[in-house]
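Each remark here refers to the structure printed beneath this line.
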Amino acid sequence: MASKEIVLPSSVVPSTWDANTAALMEFAGLTWYEGVGDNRTRQFAPPGIMAAFIQACGRTGLDPTAKQIYAAQMGGKWTVLVGVDGMRLVAQRTGEYDGQDPIEWQQVEDGPWSPTPGKGAPYAARIAIYRKGVSRPIVQTVTFAEFGGSGGNWSKRPAHMLGIRAETHGFRRQFPMELSGIYTAEDIDSGTVDAIDATVVEDVENWAELVAAATTVADLMAIRDRASAAEQYVSNRALFLAKHGELSRAEAAEPAPAAEPEPDENVVDAEIVPDDEPAAAEPTKPAEPDDEETELQRYERETAEEYAAEMKVTGA
């Protein structure tokens, strides 16, 4: 039997994912676990970065399971990243990629260029990338002073890292339609400003999607608390109220399951004989008022109080 194809989700709401989609999103770095034992909880990237990631996959056709594209937090912000192999693949799929020359390094300013790097950090690296129908290649040169980084692989393999910077920068120039805004970890990690238009997404919630995915009043109230903590509830009040009314009506319409009577072990094969005259029905007592505030009443009261407070602050 053929294995089920793993596809990217059409929604950024995790409750709508199946097991295969959840596994793919975890592989792409968009969901993970924190804590240990009973305190171990699943965490999710912001809906905005999920949407940006899904869009980037669709635009480039790259495969997250092959680590051609993934998401990561770098410098405190979420970023969609690709590997240099992913850039090469995108260029090849255009049908216009016409090869490239080997990377060359220059150890000192105005020194000779060599396809073999010397010892230590090079002064510069360059590469020529060709495109069909274009008479001249893009020759991209980067210097360590401008594009180099520090620490990690930059300390261990500076020539290799600078060569990747030259290649990825050249690919973006030669194939701007396909690779504009697409960056590698080497690009971002170097801290240079040429990654200024990388796909960076702030940590924001998509309240419309979250509210739409709520299936119970309890779920909605939890989302409401998150929105209030983020100071986003007032601006989305109408959205929450409409969904609360919908869920409240749905829950009220569901009949409670009738409890089955427990059998009396002392009664065996009893014969039921109807009375000649039916017993007079006892008068129905009027329902006593419930002094406890219902969930809906509490919700509407809190909403009214918040609205009045907002009007007082704004002077409306």
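By convention here, the chains of the structure tokens are called A, B, ... in the order presented, each chain's residues are numbered starting at 1, and ligands are numbered starting at 1 in the order presented.
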Residues within 7 Å of A:Pro122, please, as a ChimeraX atom specification. Count only C-alpha atoms; anything in the same chain fewer than 3 positions from it doesn't count. /A:105-108,144,159
Please write the residues from the selection above to a file, keeping C-alpha atoms, as an mmCIF file, in the first residue's frame.
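That gives us result.cif:
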```
data_model
loop_
_atom_site.group_PDB
_atom_site.id
_atom_site.type_symbol
_atom_site.label_atom_id
_atom_site.label_comp_id
_atom_site.auth_asym_id
_atom_site.auth_seq_id
_atom_site.Cartn_x
_atom_site.Cartn_y
_atom_site.Cartn_z
ATOM 1 C CA TRP A 105 38.933 33.034 -2.746
ATOM 2 C CA GLN A 106 41.302 35.931 -2.273
ATOM 3 C CA GLN A 107 43.439 35.815 0.844
ATOM 4 C CA VAL A 108 44.573 39.444 0.825
ATOM 5 C CA PHE A 144 34.862 38.984 4.892
ATOM 6 C CA ALA A 159 36.361 30.272 3.785
#
```
Select, from A:Lys156, A:Arg59, A:Arg88, A:Arg165, the residue with the minimum atom-to-atom distance to A:Arg126, counting only C-alpha atoms.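 Among the listed residues, the smallest separation from A:Arg126 belongs to A:Arg165.
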Which neighbours of A:Thr215 fall inside 10 Å, counting only C-alpha atoms, when residues of the same chain fewer than 2 positions from it are skipped, and could you give them as a PDB file with N, CA and C atoms, in the first residue's frame?
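File written: result.pdb
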```
ATOM      1  N   VAL A 211     -10.486  31.988  16.918  1.00  0.00           N
ATOM      2  CA  VAL A 211     -11.895  32.026  17.320  1.00  0.00           C
ATOM      3  C   VAL A 211     -12.719  31.080  16.457  1.00  0.00           C
ATOM      4  N   ALA A 212     -12.462  31.068  15.165  1.00  0.00           N
ATOM      5  CA  ALA A 212     -13.215  30.193  14.259  1.00  0.00           C
ATOM      6  C   ALA A 212     -12.995  28.723  14.583  1.00  0.00           C
ATOM      7  N   ALA A 213     -11.820  28.381  15.088  1.00  0.00           N
ATOM      8  CA  ALA A 213     -11.508  26.975  15.375  1.00  0.00           C
ATOM      9  C   ALA A 213     -12.033  26.513  16.718  1.00  0.00           C
ATOM     10  N   VAL A 217     -17.505  26.591  24.418  1.00  0.00           N
ATOM     11  CA  VAL A 217     -17.433  27.881  25.096  1.00  0.00           C
ATOM     12  C   VAL A 217     -16.162  27.956  25.934  1.00  0.00           C
ATOM     13  N   ALA A 218     -15.786  26.833  26.551  1.00  0.00           N
ATOM     14  CA  ALA A 218     -14.575  26.807  27.371  1.00  0.00           C
ATOM     15  C   ALA A 218     -13.340  27.126  26.532  1.00  0.00           C
ATOM     16  N   ASP A 219     -13.272  26.561  25.318  1.00  0.00           N
ATOM     17  CA  ASP A 219     -12.149  26.863  24.426  1.00  0.00           C
ATOM     18  C   ASP A 219     -12.115  28.353  24.083  1.00  0.00           C
ATOM     19  N   LEU A 220     -13.301  28.905  23.795  1.00  0.00           N
ATOM     20  CA  LEU A 220     -13.389  30.311  23.418  1.00  0.00           C
ATOM     21  C   LEU A 220     -12.964  31.214  24.570  1.00  0.00           C
ATOM     22  N   LYS A 243     -19.135  34.484  18.156  1.00  0.00           N
ATOM     23  CA  LYS A 243     -18.796  33.070  18.329  1.00  0.00           C
ATOM     24  C   LYS A 243     -19.337  32.525  19.638  1.00  0.00           C
ATOM     25  N   GLU A 246     -22.950  31.706  19.172  1.00  0.00           N
ATOM     26  CA  GLU A 246     -23.096  30.500  18.352  1.00  0.00           C
ATOM     27  C   GLU A 246     -22.835  29.236  19.162  1.00  0.00           C
ATOM     28  N   LEU A 247     -21.757  29.238  19.938  1.00  0.00           N
ATOM     29  CA  LEU A 247     -21.416  28.055  20.727  1.00  0.00           C
ATOM     30  C   LEU A 247     -22.396  27.837  21.868  1.00  0.00           C
ATOM     31  N   ALA A 250     -25.527  26.245  20.502  1.00  0.00           N
ATOM     32  CA  ALA A 250     -25.272  24.863  20.125  1.00  0.00           C
ATOM     33  C   ALA A 250     -25.208  23.960  21.351  1.00  0.00           C
ATOM     34  N   GLU A 251     -24.555  24.428  22.414  1.00  0.00           N
ATOM     35  CA  GLU A 251     -24.454  23.610  23.620  1.00  0.00           C
ATOM     36  C   GLU A 251     -25.792  23.492  24.337  1.00  0.00           C
TER      37      GLU A 251
END
```
With a distance cut-off of 7 Å and only C-alpha atoms, select the neighbouring residues of A:Ile103, excluding the residue or stretch itself and same-chain residues fewer than 5 positions from it, and output the selection as an MDAnalysis selection string. chainID A and resid 115 125:127 163
Give me the residues of stretch 22-49 of chain A that have any atom at most 7 Å from an atom of stretch 65-86 of chain A; for each, the nearest atom pair and the distance in Å, rounded to one decimal. Use only C-alpha atoms, sort by chain and number, and format it as JSON lines.
```
{"residue": "A:Leu24", "atom": "CA", "partner": "A:Thr65", "partner_atom": "CA", "distance": 6.8}
{"residue": "A:Phe27", "atom": "CA", "partner": "A:Thr65", "partner_atom": "CA", "distance": 6.6}
{"residue": "A:Ala28", "atom": "CA", "partner": "A:Tyr70", "partner_atom": "CA", "distance": 4.7}
{"residue": "A:Gly29", "atom": "CA", "partner": "A:Ala71", "partner_atom": "CA", "distance": 5.5}
{"residue": "A:Leu30", "atom": "CA", "partner": "A:Ala71", "partner_atom": "CA", "distance": 6.5}
{"residue": "A:Ile49", "atom": "CA", "partner": "A:Trp78", "partner_atom": "CA", "distance": 6.8}
```
In Å, with one decimal, what is the gap from atom CA of A:Arg172 to atom CA of A:Asn153?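 So the answer is 22.6 Å.
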Mind listing the strand (DSSP E) residues of stretch 39-120 of chain A, per DSSP on the backbone, as a list in words?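 Filtering stretch 39-120 of chain A to strand (DSSP E) leaves Thr41, Arg42, Gln43, Phe44, Ile69, Tyr70, Ala71, Ala72, Gln73, Met74, Lys77, Trp78, Thr79, Val80, Leu81, Val82, Tyr97, Asp98, Gly99, Gln100, Glu104, Trp105, Gln106, Trp113 and Ser114 of chain A.
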Deliver the residues from the most recent selection as a file, using N, CA and C atoms, as a tab-separated table (two decimals), in the first residue's frame.
```tsv
chain	number	residue	atom	x	y	z
A	41	THR	N	4.88	20.17	27.53
A	41	THR	CA	3.78	20.73	26.74
A	41	THR	C	4.26	21.06	25.34
A	42	ARG	N	3.35	20.94	24.39
A	42	ARG	CA	3.67	21.26	22.99
A	42	ARG	C	3.54	22.76	22.76
A	43	GLN	N	4.52	23.33	22.10
A	43	GLN	CA	4.52	24.74	21.77
A	43	GLN	C	4.39	24.91	20.26
A	44	PHE	N	3.89	26.07	19.86
A	44	PHE	CA	3.69	26.33	18.45
A	44	PHE	C	4.25	27.70	18.07
A	69	ILE	N	13.86	23.80	3.35
A	69	ILE	CA	13.25	25.02	3.86
A	69	ILE	C	12.76	24.72	5.26
A	70	TYR	N	12.91	25.70	6.15
A	70	TYR	CA	12.50	25.49	7.54
A	70	TYR	C	12.34	26.86	8.21
A	71	ALA	N	11.86	26.85	9.44
A	71	ALA	CA	11.67	28.09	10.19
A	71	ALA	C	12.53	28.04	11.44
A	72	ALA	N	12.98	29.19	11.88
A	72	ALA	CA	13.82	29.24	13.08
A	72	ALA	C	13.76	30.63	13.68
A	73	GLN	N	14.06	30.70	14.96
A	73	GLN	CA	14.18	31.98	15.64
A	73	GLN	C	15.65	32.39	15.63
A	74	MET	N	15.90	33.54	15.04
A	74	MET	CA	17.26	34.05	14.97
A	74	MET	C	17.23	35.52	15.34
A	77	LYS	N	13.75	36.85	16.51
A	77	LYS	CA	12.62	36.92	15.59
A	77	LYS	C	12.53	35.65	14.76
A	78	TRP	N	11.31	35.32	14.37
A	78	TRP	CA	11.09	34.15	13.53
A	78	TRP	C	11.43	34.48	12.08
A	79	THR	N	12.09	33.53	11.42
A	79	THR	CA	12.52	33.72	10.04
A	79	THR	C	12.34	32.44	9.25
A	80	VAL	N	11.90	32.56	8.00
A	80	VAL	CA	11.83	31.43	7.08
A	80	VAL	C	13.18	31.31	6.39
A	81	LEU	N	13.81	30.15	6.49
A	81	LEU	CA	15.15	29.95	5.96
A	81	LEU	C	15.18	28.79	4.97
A	82	VAL	N	16.15	28.81	4.09
A	82	VAL	CA	16.39	27.70	3.17
A	82	VAL	C	17.87	27.33	3.26
A	97	TYR	N	18.59	28.04	-15.45
A	97	TYR	CA	19.91	27.98	-14.81
A	97	TYR	C	20.90	27.34	-15.77
A	98	ASP	N	22.06	27.96	-15.93
A	98	ASP	CA	23.04	27.49	-16.91
A	98	ASP	C	24.41	27.22	-16.27
A	99	GLY	N	24.38	26.84	-15.00
A	99	GLY	CA	25.61	26.46	-14.32
A	99	GLY	C	26.31	27.61	-13.63
A	100	GLN	N	27.43	27.29	-13.00
A	100	GLN	CA	28.20	28.29	-12.29
A	100	GLN	C	29.67	27.88	-12.26
A	104	GLU	N	35.88	31.05	-5.89
A	104	GLU	CA	37.28	31.44	-5.77
A	104	GLU	C	37.45	32.34	-4.55
A	105	TRP	N	38.63	32.24	-3.94
A	105	TRP	CA	38.93	33.03	-2.75
A	105	TRP	C	40.16	33.91	-2.97
A	106	GLN	N	40.18	35.00	-2.26
A	106	GLN	CA	41.30	35.93	-2.27
A	106	GLN	C	41.75	36.12	-0.81
A	113	TRP	N	43.35	35.31	-7.18
A	113	TRP	CA	42.17	34.50	-6.90
A	113	TRP	C	42.53	33.03	-7.08
A	114	SER	N	42.02	32.18	-6.20
A	114	SER	CA	42.34	30.76	-6.26
A	114	SER	C	41.09	29.94	-5.91
```
Find, counting only C-alpha atoms, the residue in A:Phe240, A:Trp17, A:Trp154, A:Tyr33 that gets nearest to A:Ala185. A:Trp154
Among stretch 15-260 of chain A, which residues carry a DSSP assignment of helix (DSSP H, G or I), reported as a PyMOL selection string? chain A and resi 15-16+19-27+37-39+47-60+64-66+84-93+144-147+153-156+158-174+176-179+185-189+193-195+207-213+217-229+234-253
